[in-house]
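Notes for the one structure printed next.
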Number of protein chains: 2
Amino acid sequence: MADFTVTERNRVRRAPKRGQYDRKTVHAILDEGLICHVAYVIDGQPFVIPTAYWRDGDHVYLHGSAASRTMRAGERGLELSLAVTLLDGIVMARSGFHHSLNYRSVIMYGTATLVSDPVTKEAALDKFMDRVAPGRVAECRPINAQEFKATTVLSLPLDDVSAKVRSGPPIDDEEDYALPVWAGVIPVQQITGTPEPDPRMPDGTPVPDNIANFKF
Amino acid sequence: MADFTVTERNRVRRAPKRGQYDRKTVHAILDEGLICHVAYVIDGQPFVIPTAYWRDGDHVYLHGSAASRTMRAGERGLELSLAVTLLDGIVMARSGFHHSLNYRSVIMYGTATLVSDPVTKEAALDKFMDRVAPGRVAECRPINAQEFKATTVLSLPLDDVSAKVRSGPPIDDEEDYALPVWAGVIPVQQITGTPEPDPRMPDGTPVPDNIANFKF
């Protein structure tokens, strides 16, 4: 089920069996993550930067200070490469060579478009806030003109994209399975803890459901 | 305490107060992570790839299939940019604009060197295994000549490097602190779970301490 065209650029080269090109897998990985790593090239030099992102339909969105190098690179239409990586486990094999990681990752390529229309831009920022905590936009002090101007929003089409997934136990050499070496998977998970209230909140500030039952 | 020289390349540009250039901070972040994102440029196109890494002294090491594009890029001496990002929290402010993330990240730049001396190369691979689970090298079936040849190890000096750290509650506009909006931090943490034994292990295979009490 390749919803996305496999090209020379997005084709998964190492362990090609782990490559996946369907929308459902790509969306699910993107919708679970919060931070991506964006790479771009300036004067031949690669730069890679961690930044928050969100997905809406067939686009991934980035935002940041209008003065940031990454935002300006995107706005200028530089080629971007973007990775989202979810680590699921450490795979302990009977030989060092077959040790591995369980993970779900997405790599995408392309150029970004500046989201300049004010209505679309504010809707995109709201989408991100409510993706982090549903209903949060309605609770917060609204964005003002200066903040709006100082924030750049970029969109990147989900087009030249692939997912790569490894799961399950180690794959050892057949003759190694008889060895008395512990083998298996150490699961890895990202969790959120108990919300830590800002000490400067006025007494009696209510704790909304989206904080009390925070889920990411 | 800038152990590392601040250059035009490694200088933290956005929120420069969060930039740190001391060895202790950089090492602590690198030693807590397991996956980095490496960027490089081929024919003007940026590529970013998640991969495992480890630190030993003043170098970061990468390994992979000798046939992989990333390993070959490193071996050819292409400029690399490498990011390690640890997410610590989601910062909920009184305005959307001041929402943020708590994180510790390291960005490094430079070219890699192929670790070709067999003794040094094997020691480097052993270092990685034992960093994941102390004592694991001694428990596993040793690496064979074919596996050794098929694995590339690269080292990258910790030199052109910076750390960036945000911690603590939101920083809101002064007039917003009086608003009845819940503000604070949702802590985020990566944890490991109960080891999942490979169903193909022979009955009675012992569970060593480094698995029973796995810590990462």
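Each chain of the structure tokens is named A, B, ... in the order shown, its residues numbered from 1; ligands are numbered from 1 in display order.
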
Could the residues of chain B within 7 Å of chain A, counting only C-alpha atoms, be given as a PyMOL selection string, please?
chain B and resi 14+37+39-41+44-50+68+79-83+85+94-97+139-143+147+169+177-178+180-198+200-202+205-207

Suppose we keep C-alpha atoms; can you now write the selection as a tab-separated table (two decimals), in the first residue's frame?
```tsv
chain	number	residue	atom	x	y	z
B	14	ARG	CA	18.03	31.84	19.31
B	37	HIS	CA	20.26	12.81	14.21
B	39	ALA	CA	22.83	15.59	8.75
B	40	TYR	CA	25.05	15.73	5.69
B	41	VAL	CA	24.91	17.08	2.17
B	44	GLY	CA	23.37	20.04	-2.44
B	45	GLN	CA	20.59	17.96	-0.88
B	46	PRO	CA	20.39	17.72	2.92
B	47	PHE	CA	19.88	14.30	4.45
B	48	VAL	CA	19.06	13.68	8.09
B	49	ILE	CA	19.15	10.21	9.60
B	50	PRO	CA	18.54	8.92	13.13
B	68	SER	CA	25.14	2.74	4.34
B	79	GLU	CA	30.80	17.86	6.79
B	80	LEU	CA	28.40	16.49	9.39
B	81	SER	CA	26.04	18.14	11.78
B	82	LEU	CA	24.84	16.02	14.66
B	83	ALA	CA	22.07	16.70	17.17
B	85	THR	CA	17.90	16.12	21.99
B	94	ARG	CA	-0.66	31.91	29.93
B	95	SER	CA	-0.36	32.86	26.25
B	96	GLY	CA	0.22	30.59	23.30
B	97	PHE	CA	3.27	32.62	22.38
B	139	GLU	CA	28.20	-12.48	27.57
B	140	CYS	CA	27.70	-12.39	23.80
B	141	ARG	CA	29.08	-14.47	21.00
B	142	PRO	CA	32.19	-12.54	19.85
B	143	ILE	CA	32.15	-10.60	16.60
B	147	GLU	CA	30.69	-8.87	10.75
B	169	PRO	CA	8.37	27.23	34.57
B	177	TYR	CA	0.57	36.39	35.56
B	178	ALA	CA	-2.70	37.62	37.09
B	180	PRO	CA	-6.65	32.60	35.88
B	181	VAL	CA	-4.95	30.34	33.32
B	182	TRP	CA	-3.30	27.12	34.50
B	183	ALA	CA	0.41	27.44	33.86
B	184	GLY	CA	3.29	25.14	34.60
B	185	VAL	CA	5.25	22.24	33.20
B	186	ILE	CA	4.19	18.77	32.10
B	187	PRO	CA	7.31	16.70	32.74
B	188	VAL	CA	8.37	14.34	29.95
B	189	GLN	CA	10.67	11.41	30.49
B	190	GLN	CA	11.97	8.46	28.54
B	191	ILE	CA	11.75	5.25	30.56
B	192	THR	CA	12.58	1.59	30.02
B	193	GLY	CA	10.10	-1.15	30.89
B	194	THR	CA	10.27	-4.78	31.93
B	195	PRO	CA	12.62	-6.74	29.65
B	196	GLU	CA	10.72	-8.93	27.16
B	197	PRO	CA	12.52	-12.26	26.72
B	198	ASP	CA	12.92	-13.62	23.20
B	200	ARG	CA	13.34	-18.56	21.24
B	201	MET	CA	15.65	-18.53	24.29
B	202	PRO	CA	16.43	-22.05	25.61
B	205	THR	CA	18.80	-19.20	30.20
B	206	PRO	CA	19.88	-17.01	33.12
B	207	VAL	CA	18.78	-13.39	33.37
```

Please return, as a ChimeraX atom specification, all residues of stretch 3-174 of chain A that DSSP assigns to strand (DSSP E or B) on the basis of the backbone.
/A:19-20,35-42,45-56,59-65,79-92,95,100-111,113-114,141,151-157,160-166

Could you give me, as a PyMOL selection string, each residue of stretch 123-190 of chain A that DSSP assigns to helix (DSSP H, G or I) when run on this structure's backbone?
chain A and resi 123-132+136-139+145-150+174-176

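Comparing the minimum interatomic distances between B:Ala145 and each of B:Pro118, B:Asp130, B:Asp160, B:Val165, counting only C-alpha atoms, we find that B:Pro118 sits nearest.
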
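Here atom CA of A:Leu30 and atom CA of A:Asp58 stand 11.0 Å from one another.
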
Residues near A:Arg76, anyone? I mean within 10 Å using only C-alpha atoms, not counting same-chain ones fewer than 5 positions away, as a count of residues only.
6
